[in-house]
>>> print(open('start_8.txt').read())   # compact mmCIF, C-alpha atoms and all ligand atoms
# COMPACT_ATOMS: atom_id res chain seq x y z
CA MET T 1 0.00 0.00 0.00
CA ASP T 2 1.12 3.51 -0.70
CA VAL T 3 1.03 6.35 1.82
CA LEU T 4 -0.50 8.51 -0.86
CA ALA T 5 -3.49 6.19 -1.01
CA LEU T 6 -4.35 6.40 2.68
CA PRO T 7 -7.97 7.59 2.89
CA LEU T 8 -8.51 10.99 4.41
CA GLY T 9 -8.84 10.84 8.15
CA GLU T 10 -6.50 7.85 8.47
CA ARG T 11 -3.35 9.85 8.56
CA PRO T 12 -1.77 10.54 11.93
CA GLN T 13 -2.88 13.91 13.27
CA ALA T 14 0.67 15.27 13.38
CA ASP T 15 1.03 14.68 9.63
CA ARG T 16 -1.87 16.95 8.81
CA CYS T 17 0.21 20.10 9.02
CA ASP T 18 3.31 18.61 7.40
CA PRO T 19 3.47 19.10 3.65
CA ASP T 20 3.48 15.90 1.58
CA PHE T 21 5.67 17.42 -1.13
CA LEU T 22 8.15 20.29 -1.11
CA PHE T 23 10.11 21.87 -3.93
CA ALA T 24 12.38 24.88 -3.44
CA SER T 25 13.37 27.08 -6.33
CA ARG T 26 14.88 30.56 -6.46
CA GLY T 27 14.13 31.56 -2.88
CA ARG T 28 10.61 30.10 -2.62
CA VAL T 29 9.40 26.72 -1.45
CA LEU T 30 6.30 25.16 -2.93
CA ARG T 31 4.50 23.17 -0.21
CA ALA T 32 1.79 20.72 -1.26
CA TYR T 33 -0.56 19.14 1.29
CA GLY T 34 -2.72 16.02 0.99
CA VAL T 35 -3.48 13.92 -2.05
CA ASP T 36 -6.63 14.98 -3.87
CA GLU T 37 -6.10 12.74 -6.89
CA ARG T 38 -3.40 10.32 -7.93
CA MET T 39 -2.23 10.78 -11.51
CA ASP T 40 0.46 8.10 -11.78
CA VAL T 41 1.67 7.27 -15.28
CA ALA T 42 4.79 5.96 -16.97
CA LEU T 43 6.03 8.61 -19.41
CA GLU T 44 6.77 5.89 -21.98
CA ASP T 45 3.20 4.54 -21.79
CA ARG T 46 0.93 5.15 -24.78
CA ALA T 47 -1.44 6.93 -22.37
CA PHE T 48 1.19 9.64 -21.96
CA THR T 49 2.78 9.68 -25.41
CA ASP T 50 -0.54 9.88 -27.28
CA GLY T 51 -1.91 12.64 -25.02
CA GLN T 52 -4.72 10.74 -23.19
CA TRP T 53 -3.12 11.25 -19.81
CA GLU T 54 -2.77 15.02 -20.35
CA GLU T 55 -6.43 15.17 -21.40
CA ALA T 56 -7.39 13.40 -18.17
CA LEU T 57 -5.20 15.83 -16.21
CA ASP T 58 -6.83 18.75 -17.98
CA ARG T 59 -10.29 17.43 -17.00
CA ALA T 60 -9.10 16.95 -13.41
CA PHE T 61 -7.81 20.53 -13.36
CA ARG T 62 -11.09 21.87 -14.87
CA ARG T 63 -13.16 20.12 -12.18
CA ARG T 64 -11.11 22.01 -9.61
CA THR T 65 -11.29 25.38 -11.34
CA ALA T 66 -15.09 24.86 -11.56
CA ARG T 67 -15.02 24.43 -7.74
CA GLY T 68 -13.26 27.79 -7.44
CA ILE T 69 -9.65 26.59 -7.10
CA ASP T 70 -7.66 29.26 -8.85
CA ASN T 71 -4.70 27.37 -10.31
CA PRO T 72 -4.56 23.65 -9.38
CA ILE T 73 -1.21 21.92 -9.71
CA LEU T 74 0.32 18.50 -10.19
CA VAL T 75 3.44 17.52 -8.22
CA GLY T 76 5.67 14.48 -7.91
CA ALA T 77 8.63 12.40 -8.97
CA ILE T 78 9.55 10.53 -12.16
CA PRO T 79 12.05 7.65 -12.10
CA PHE T 80 15.17 7.40 -14.29
CA ASP T 81 13.57 4.65 -16.36
CA SER T 82 10.50 6.34 -17.79
CA ARG T 83 8.94 2.94 -18.55
CA GLN T 84 8.36 2.78 -14.78
CA GLN T 85 5.45 4.54 -13.10
CA ALA T 86 5.92 8.13 -12.00
CA ARG T 87 4.38 9.16 -8.66
CA LEU T 88 2.30 12.22 -9.54
CA PHE T 89 -0.64 13.73 -7.71
CA ILE T 90 -2.88 16.76 -7.48
CA PRO T 91 -2.59 18.01 -3.89
CA GLN T 92 -5.57 19.15 -1.83
CA ARG T 93 -3.91 22.52 -1.36
CA TYR T 94 -0.58 24.21 -1.74
CA ASP T 95 1.19 27.40 -0.77
CA HIS T 96 4.57 29.06 -1.06
CA GLU T 97 6.96 29.98 1.71
CA ASP T 98 10.16 31.96 1.72
CA THR T 99 13.13 29.54 1.64
CA ALA T 100 15.03 31.39 4.37
CA ARG T 101 11.99 31.38 6.66
CA LEU T 102 11.36 27.66 6.20
CA ALA T 103 15.04 26.83 6.63
CA ALA T 104 15.33 28.74 9.93
CA PRO T 105 15.65 26.19 12.74
CA ALA T 106 12.68 26.17 15.13
CA THR T 107 14.98 24.81 17.84
CA PRO T 108 18.77 25.06 18.19
CA ASP T 109 20.46 23.37 15.24
CA THR T 110 21.45 19.72 15.69
CA ALA T 111 22.40 17.05 13.13
CA PRO T 112 19.16 15.56 11.72
CA ALA T 113 20.14 12.03 12.85
CA GLU T 114 22.90 10.09 14.56
CA LEU T 115 24.43 7.61 12.10
CA ALA T 116 24.89 3.94 13.01
CA ALA T 117 26.47 2.65 9.76
CA VAL T 118 27.53 3.74 6.29
CA GLU T 119 27.99 1.03 3.67
CA GLU T 120 29.53 1.29 0.23
CA THR T 121 27.11 -1.16 -1.39
CA VAL T 122 29.03 -0.73 -4.63
CA GLY T 123 32.66 -0.48 -3.54
CA ARG T 124 35.57 1.36 -5.11
CA GLY T 125 36.92 -1.75 -6.90
CA ALA T 126 33.59 -2.58 -8.56
CA PHE T 127 32.93 1.05 -9.54
CA GLU T 128 36.38 1.57 -11.03
CA GLU T 129 36.12 -1.71 -12.91
CA ALA T 130 32.81 -0.56 -14.40
CA VAL T 131 34.43 2.73 -15.47
CA GLY T 132 37.26 0.74 -17.11
CA ARG T 133 34.72 -1.39 -18.99
CA ALA T 134 32.89 1.75 -20.14
CA ILE T 135 36.19 3.12 -21.48
CA ASP T 136 36.61 -0.16 -23.44
CA LEU T 137 33.13 0.37 -24.90
CA PHE T 138 34.19 3.79 -26.25
CA ARG T 139 36.93 1.98 -28.21
CA ASP T 140 34.77 -0.89 -29.42
CA THR T 141 31.31 0.66 -29.99
CA PRO T 142 29.76 4.03 -31.01
CA LEU T 143 29.16 4.85 -27.28
CA ARG T 144 30.72 8.25 -26.53
CA LYS T 145 29.59 9.07 -22.98
CA VAL T 146 27.93 7.18 -20.16
CA VAL T 147 27.05 8.32 -16.63
CA LEU T 148 27.91 5.66 -14.07
CA SER T 149 26.59 5.98 -10.55
CA ARG T 150 26.75 4.22 -7.21
CA PRO T 151 24.65 4.03 -4.06
CA LEU T 152 25.86 4.67 -0.51
CA ASP T 153 23.69 3.18 2.25
CA VAL T 154 23.34 5.05 5.51
CA GLU T 155 21.66 3.72 8.65
CA ALA T 156 20.69 5.93 11.57
CA ARG T 157 20.15 5.04 15.22
CA GLY T 158 16.60 6.40 15.03
CA VAL T 159 14.02 7.03 12.32
CA PHE T 160 14.91 9.79 9.85
CA SER T 161 12.51 12.70 9.60
CA PRO T 162 12.26 13.77 5.94
CA GLY T 163 11.09 17.22 7.10
CA ARG T 164 14.19 17.73 9.22
CA LEU T 165 16.46 16.47 6.46
CA LEU T 166 14.79 18.89 4.08
CA ARG T 167 15.15 21.91 6.38
CA THR T 168 18.84 21.13 6.90
CA LEU T 169 19.34 20.72 3.15
CA LEU T 170 17.66 24.10 2.61
CA ARG T 171 19.99 25.73 5.13
CA GLN T 172 23.07 24.15 3.57
CA ASN T 173 22.01 24.59 -0.09
CA PRO T 174 19.90 27.76 -0.30
CA GLY T 175 20.45 28.07 -4.08
CA ALA T 176 19.54 24.46 -4.97
CA TYR T 177 16.32 22.81 -6.07
CA VAL T 178 15.72 21.24 -2.67
CA PHE T 179 12.92 18.70 -2.63
CA ALA T 180 11.05 16.06 -0.64
CA ALA T 181 8.72 13.84 -2.66
CA PRO T 182 6.77 10.79 -1.42
CA VAL T 183 7.47 7.91 -3.82
CA ALA T 184 6.03 4.84 -2.08
CA TYR T 185 4.58 3.78 1.24
CA GLY T 186 6.93 5.21 3.86
CA GLN T 187 9.54 6.24 1.27
CA THR T 188 10.53 9.82 0.53
CA LEU T 189 13.04 11.08 -2.00
CA VAL T 190 14.94 14.07 -0.56
CA GLY T 191 17.69 16.04 -2.22
CA ALA T 192 19.33 19.32 -3.21
CA SER T 193 19.68 19.24 -6.98
CA PRO T 194 21.76 21.88 -8.77
CA GLU T 195 20.28 21.00 -12.20
CA LEU T 196 17.16 22.41 -13.86
CA LEU T 197 15.89 20.12 -16.60
CA ILE T 198 13.15 22.51 -17.70
CA ARG T 199 11.21 25.53 -16.51
CA LYS T 200 8.27 26.74 -18.57
CA THR T 201 6.65 30.11 -17.88
CA GLY T 202 4.12 31.00 -20.59
CA ARG T 203 6.01 30.91 -23.88
CA THR T 204 9.45 30.95 -22.28
CA VAL T 205 11.46 27.84 -21.49
CA VAL T 206 14.78 27.55 -19.66
CA SER T 207 17.03 24.52 -19.28
CA ASN T 208 20.32 24.57 -17.41
CA PRO T 209 22.38 21.46 -18.17
CA LEU T 210 25.46 20.80 -16.04
CA ALA T 211 28.30 18.37 -16.75
CA GLY T 212 32.01 18.54 -16.09
CA SER T 213 32.85 18.84 -12.40
CA ALA T 214 35.48 19.59 -9.77
CA PRO T 215 35.20 19.71 -5.98
CA ARG T 216 35.10 23.07 -4.17
CA SER T 217 38.08 24.13 -2.08
CA ALA T 218 38.26 26.14 1.14
CA SER T 219 41.20 28.04 -0.36
CA ALA T 220 40.18 30.88 -2.72
CA GLU T 221 43.42 30.43 -4.67
CA VAL T 222 42.92 26.67 -5.17
CA GLU T 223 39.32 27.31 -6.16
CA ARG T 224 40.40 29.89 -8.74
CA GLN T 225 42.85 27.36 -10.20
CA ARG T 226 40.20 24.60 -10.26
CA THR T 227 37.70 26.90 -11.97
CA ALA T 228 40.25 27.84 -14.65
CA ALA T 229 41.27 24.18 -15.07
CA LEU T 230 37.64 23.11 -15.45
CA LEU T 231 37.01 25.73 -18.12
CA ALA T 232 40.17 24.64 -19.94
CA SER T 233 39.69 20.87 -19.58
CA ALA T 234 39.07 19.19 -22.95
CA LYS T 235 37.65 16.14 -21.14
CA ASP T 236 35.09 18.17 -19.15
CA ARG T 237 34.15 20.32 -22.13
CA THR T 238 33.48 17.20 -24.23
CA GLU T 239 31.37 15.75 -21.41
CA HIS T 240 29.48 19.04 -21.21
CA ARG T 241 29.03 19.46 -24.98
CA TYR T 242 27.20 16.12 -25.27
CA VAL T 243 24.57 17.37 -22.80
CA VAL T 244 24.16 20.81 -24.36
CA ASP T 245 23.87 19.32 -27.87
CA ALA T 246 21.17 16.88 -26.70
CA VAL T 247 19.18 19.60 -24.88
CA ARG T 248 19.50 21.95 -27.85
CA ALA T 249 18.29 19.20 -30.24
CA ALA T 250 15.32 18.28 -28.02
CA LEU T 251 14.21 21.90 -27.50
CA ALA T 252 14.84 23.05 -31.08
CA GLY T 253 11.82 21.08 -32.32
CA HIS T 254 9.55 22.95 -29.87
CA CYS T 255 11.01 26.46 -30.06
CA SER T 256 10.66 29.30 -32.56
CA ARG T 257 13.77 30.88 -30.99
CA LEU T 258 16.47 29.22 -28.90
CA ALA T 259 19.47 31.03 -27.38
CA VAL T 260 22.47 28.85 -26.54
CA PRO T 261 25.63 30.50 -25.17
CA ASP T 262 28.75 29.56 -27.18
CA GLU T 263 30.82 28.89 -24.07
CA PRO T 264 29.96 27.19 -20.76
CA SER T 265 30.38 29.08 -17.50
CA VAL T 266 31.16 27.63 -14.05
CA ILE T 267 28.52 27.45 -11.32
CA ARG T 268 29.25 26.73 -7.66
CA THR T 269 27.24 24.59 -5.30
CA PRO T 270 28.40 24.41 -1.65
CA THR T 271 30.40 21.27 -2.57
CA MET T 272 31.05 21.29 -6.34
CA LEU T 273 32.06 23.37 -9.35
CA HIS T 274 30.22 22.51 -12.58
CA LEU T 275 30.38 23.56 -16.19
CA SER T 276 26.99 25.11 -16.90
CA THR T 277 25.06 26.34 -19.95
CA GLU T 278 21.68 28.04 -19.65
CA LEU T 279 19.52 27.64 -22.76
CA THR T 280 16.51 29.96 -23.16
CA GLY T 281 13.79 29.41 -25.74
CA GLU T 282 10.51 30.77 -26.98
CA LEU T 283 7.94 28.01 -27.58
CA ALA T 284 6.38 27.83 -31.05
CA ASP T 285 3.26 26.40 -29.40
CA PRO T 286 2.87 27.77 -25.85
CA SER T 287 0.29 25.09 -24.99
CA VAL T 288 3.01 22.38 -24.84
CA SER T 289 3.25 21.45 -21.16
CA SER T 290 6.39 21.49 -19.03
CA LEU T 291 5.99 17.74 -18.46
CA ARG T 292 5.86 17.02 -22.19
CA LEU T 293 9.05 19.05 -22.63
CA ALA T 294 10.66 17.22 -19.71
CA HIS T 295 9.73 13.93 -21.39
CA ALA T 296 11.27 15.12 -24.67
CA LEU T 297 14.51 15.94 -22.84
CA HIS T 298 14.80 12.96 -20.51
CA PRO T 299 17.23 11.29 -20.04
CA THR T 300 19.84 13.87 -21.03
CA PRO T 301 23.52 12.86 -21.18
CA ALA T 302 23.91 14.58 -17.77
CA VAL T 303 22.43 11.39 -16.26
CA CYS T 304 22.51 8.82 -19.09
CA GLY T 305 24.93 9.29 -22.01
CA THR T 306 25.44 9.50 -25.77
CA PRO T 307 23.96 7.92 -27.81
CA THR T 308 21.08 7.52 -25.36
CA GLU T 309 20.08 3.92 -26.12
CA LEU T 310 23.63 2.57 -25.99
CA ALA T 311 24.22 4.48 -22.76
CA ARG T 312 21.05 3.05 -21.23
CA GLU T 313 22.24 -0.46 -22.09
CA ALA T 314 25.71 0.24 -20.69
CA ILE T 315 24.19 1.53 -17.43
CA ALA T 316 22.00 -1.57 -17.12
CA GLY T 317 25.01 -3.82 -17.76
CA LEU T 318 27.65 -2.01 -15.71
CA GLU T 319 26.10 -0.36 -12.65
CA GLY T 320 24.99 -3.45 -10.76
CA TYR T 321 22.11 -1.83 -8.85
CA ALA T 322 18.71 -0.32 -9.70
CA ARG T 323 18.66 3.50 -9.88
CA GLY T 324 14.94 3.78 -9.16
CA TRP T 325 14.14 7.47 -8.55
CA TYR T 326 17.73 8.68 -8.68
CA SER T 327 18.50 10.61 -11.90
CA GLY T 328 14.86 10.94 -12.82
CA MET T 329 13.16 14.25 -12.02
CA VAL T 330 11.09 15.99 -9.38
CA GLY T 331 8.86 18.98 -9.89
CA TRP T 332 5.46 20.53 -10.41
CA MET T 333 3.16 21.72 -13.19
CA ASP T 334 0.13 24.00 -13.06
CA SER T 335 -3.14 23.98 -15.00
CA ARG T 336 -1.56 26.18 -17.71
CA GLY T 337 1.28 23.69 -18.25
CA ASN T 338 3.78 26.00 -16.54
CA GLY T 339 6.17 24.23 -14.24
CA GLU T 340 9.65 23.24 -13.19
CA TRP T 341 11.36 19.84 -13.27
CA ALA T 342 14.78 19.40 -11.65
CA LEU T 343 16.95 16.32 -12.06
CA SER T 344 16.79 14.08 -8.99
CA ILE T 345 20.53 14.08 -8.27
CA ARG T 346 22.41 14.88 -5.01
CA CYS T 347 19.59 13.02 -3.33
CA GLY T 348 18.67 10.04 -1.20
CA LEU T 349 15.75 7.72 -0.62
CA VAL T 350 14.60 7.74 3.02
CA GLN T 351 12.76 4.84 4.61
CA GLY T 352 12.61 4.61 8.39
CA ARG T 353 16.18 4.39 9.70
CA TRP T 354 17.61 3.85 6.20
CA LEU T 355 18.77 6.37 3.66
CA ARG T 356 20.22 5.37 0.30
CA LEU T 357 22.34 8.12 -1.25
CA TYR T 358 23.40 8.26 -4.89
CA ALA T 359 26.06 9.92 -7.01
CA GLY T 360 27.14 9.53 -10.60
CA ALA T 361 29.82 10.86 -12.92
CA GLY T 362 29.95 11.31 -16.68
CA ILE T 363 32.49 8.94 -18.23
CA VAL T 364 34.14 9.78 -21.58
CA ALA T 365 37.16 8.32 -23.39
CA GLU T 366 39.58 10.59 -21.47
CA SER T 367 38.21 9.54 -18.03
CA THR T 368 40.29 7.72 -15.42
CA PRO T 369 38.57 5.29 -13.01
CA ALA T 370 40.18 6.70 -9.84
CA ALA T 371 39.24 10.31 -10.66
CA GLU T 372 35.62 9.29 -11.40
CA TRP T 373 35.37 7.52 -8.03
CA GLU T 374 36.69 10.66 -6.32
CA GLU T 375 34.14 12.74 -8.22
CA THR T 376 31.25 10.60 -6.97
CA ALA T 377 32.65 10.88 -3.41
CA ALA T 378 32.73 14.68 -3.75
CA LYS T 379 29.14 14.73 -5.03
CA LEU T 380 27.97 12.54 -2.12
CA ALA T 381 29.12 15.33 0.21
CA THR T 382 25.94 17.31 -0.58
CA MET T 383 23.94 14.69 1.33
CA LEU T 384 26.63 13.55 3.81
CA ASN T 385 27.06 17.16 4.96
CA LEU T 386 23.66 16.69 6.58
CA PHE T 387 25.48 14.60 9.16
CA GLY T 388 28.74 16.54 9.16
CA VAL T 389 30.82 13.74 7.54
CA GLY T 390 32.48 13.22 4.12
CA ALA T 391 32.13 10.02 2.00
CA GLY T 392 35.50 8.37 2.83
CA GLU T 393 35.41 9.71 6.38
CA ALA T 394 31.90 8.30 6.93
CA ALA T 395 32.90 4.80 5.83
CA VAL T 396 36.05 4.85 8.00
CA GLU T 397 34.35 6.39 11.02
CA MET T 398 31.53 3.87 11.02
CA ALA T 399 33.89 0.93 10.50
CA SER T 400 36.07 1.87 13.53
C1 LIG R 501 24.89 12.51 -12.25
C2 LIG R 501 25.21 13.47 -11.36
O1 LIG R 501 25.64 14.71 -11.74
C3 LIG R 501 25.50 15.16 -13.07
C4 LIG R 501 25.30 16.63 -13.00
C5 LIG R 501 26.35 17.51 -13.00
C6 LIG R 501 27.64 17.06 -13.33
C7 LIG R 501 27.87 15.78 -13.70
C8 LIG R 501 29.23 15.32 -14.07
O2 LIG R 501 30.16 16.15 -14.15
O3 LIG R 501 29.43 14.11 -14.27
C9 LIG R 501 26.76 14.80 -13.86
O4 LIG R 501 26.47 14.75 -15.24
C10 LIG R 501 25.12 13.24 -9.91
O5 LIG R 501 25.34 14.18 -9.14
O6 LIG R 501 24.78 12.11 -9.50
>>> encode(input="start_8.txt", output="structure tokens", more="lines below")
Ligand SMILES: C=C(O[C@H]1C=CC=C(C(=O)O)[C@@H]1O)C(=O)O
Amino acid sequence: MDVLALPLGERPQADRCDPDFLFASRGRVLRAYGVDERMDVALEDRAFTDGQWEEALDRAFRRRTARGIDNPILVGAIPFDSRQQARLFIPQRYDHEDTARLAAPATPDTAPAELAAVEETVGRGAFEEAVGRAIDLFRDTPLRKVVLSRPLDVEARGVFSPGRLLRTLLRQNPGAYVFAAPVAYGQTLVGASPELLIRKTGRTVVSNPLAGSAPRSASAEVERQRTAALLASAKDRTEHRYVVDAVRAALAGHCSRLAVPDEPSVIRTPTMLHLSTELTGELADPSVSSLRLAHALHPTPAVCGTPTELAREAIAGLEGYARGWYSGMVGWMDSRGNGEWALSIRCGLVQGRWLRLYAGAGIVAESTPAAEWEETAAKLATMLNLFGVGAGEAAVEMAS
């Protein structure tokens, strides 16, 4: 059974005032409460591709506008494999809160949980071997880029509170797309994604692909050198170009005008530096919904690879675990099709005392297995910072 399906009145009283879904973007947090109607669908199903599902959503929205609801919305999460069901629902109500206000601790700040164990379910040897095999594929097949990822399993002494994790993530990552989305009974996907897959506002669309990474440094001088090195790195620029080319190609078919900067810039998250390109377009048909555009884009080579089908096969053959919700997307869409969908990266799946974290890295011919492992460790820091430990440190600390 799914928590979203619990009939009204059967939810614990305390839950009533806790939002079921949160999504922070640009200083505001969307909070959605209660499940008015489930709208689950797999984006690869005929029901979605031939438009039936969007017609049903439109009818569901109209019923609500007829009842006086000004602008009903749909919220939820979509898995990496879009043949699998997305968890989407129309909430009973929603509001917006200032990020800073929501992030402010109600009580003195403490770590959101005390950790009992951290396990590298896919260890360094297995991950580096997979990277080596991907590099062989670049020599032997037309595969040019593949994103390989790994899980890190964290166990706490007590039950995790998704709300507390989210507030701490908001404090630590005020500029990120911070989210908490219920995905199954007792399971919540929480994260602080730096990457916007698509935002649609009227006719305007924005996508901000990232690829090509280096860790932040506490030293301003080292950080300046890393930024310059990232901008100059042929390997990172190739990795980045595959994503920008794919996003440009997917949006071009929908846009009457599309602006793509010639050169990437570098963006900073609290833990990482990334090559970044912001594409801005004008839709030829403004009625195309943000979810349809997200479907046209997904999976970009920021999470999958180039060419897409070969990369998908390589991921299935090399990763050795199921990604599930990681590297899919989380977001919202309103009754006019406006909305925002962020990639579900720098995230974890919470269930009771367990939290599975994920991180991936884009592999190209110039990659080296050791550096790609280090990159995934650096990316895991976004979530491990919740507990004040780094990836290697966490494994060592828990083992001793
Ligand atoms: C797949 C992830 O990051 C993507 C986004 C930014 C940079 C990336 C990179 O440099 O490999 C990845 O494509 C992840 O964080 O799990």
>>> closest_residue(input="start_8.txt", among="T:Asp70, T:Asp95, T:Asp236, T:Glu340", to="ligand LIG 501 (chain R)", atoms="only C-alpha atoms and all ligand atoms")
T:Asp236
>>> atom_distance(input="start_8.txt", atom1="atom C4 of ligand LIG 501 (chain R)", atom2="atom CA of Ser217 of chain T")
18.4 Å
>>> residues_near_ligand(input="start_8.txt", ligand="ligand LIG 501 (chain R)", cutoff="10 Å", atoms="only C-alpha atoms and all ligand atoms", output="count of residues only")
55
>>> closest_atom_pairs(input="start_8.txt", of="segment 34-136 of chain T", to="segment 17-23 of chain T", cutoff="9 Å", atoms="all atoms listed in the file", output="Markdown table")
| residue | atom | partner | partner_atom | distance |
| --- | --- | --- | --- | --- |
| T:Gly34 | CA | T:Asp20 | CA | 6.2 |
| T:Val35 | CA | T:Asp20 | CA | 8.1 |
| T:Val75 | CA | T:Phe21 | CA | 7.4 |
| T:Gly76 | CA | T:Phe21 | CA | 7.4 |
| T:Pro91 | CA | T:Asp20 | CA | 8.4 |
| T:Tyr94 | CA | T:Pro19 | CA | 8.5 |
>>> residues_around(input="start_8.txt", residues="Ile78 of chain T", least_positions_apart="2", cutoff="10 Å", atoms="all atoms listed in the file", output="list in words")
Asp40, Val41, Ala42, Leu43, Gly76, Phe80, Asp81, Ser82, Arg83, Gln84, Gln85, Ala86, Arg87, Leu88, Val183, His295, Gly324, Trp325, Tyr326, Ser327, Gly328, Met329, Val330, Gly331, Trp341, Leu343 and Ser344 of chain T
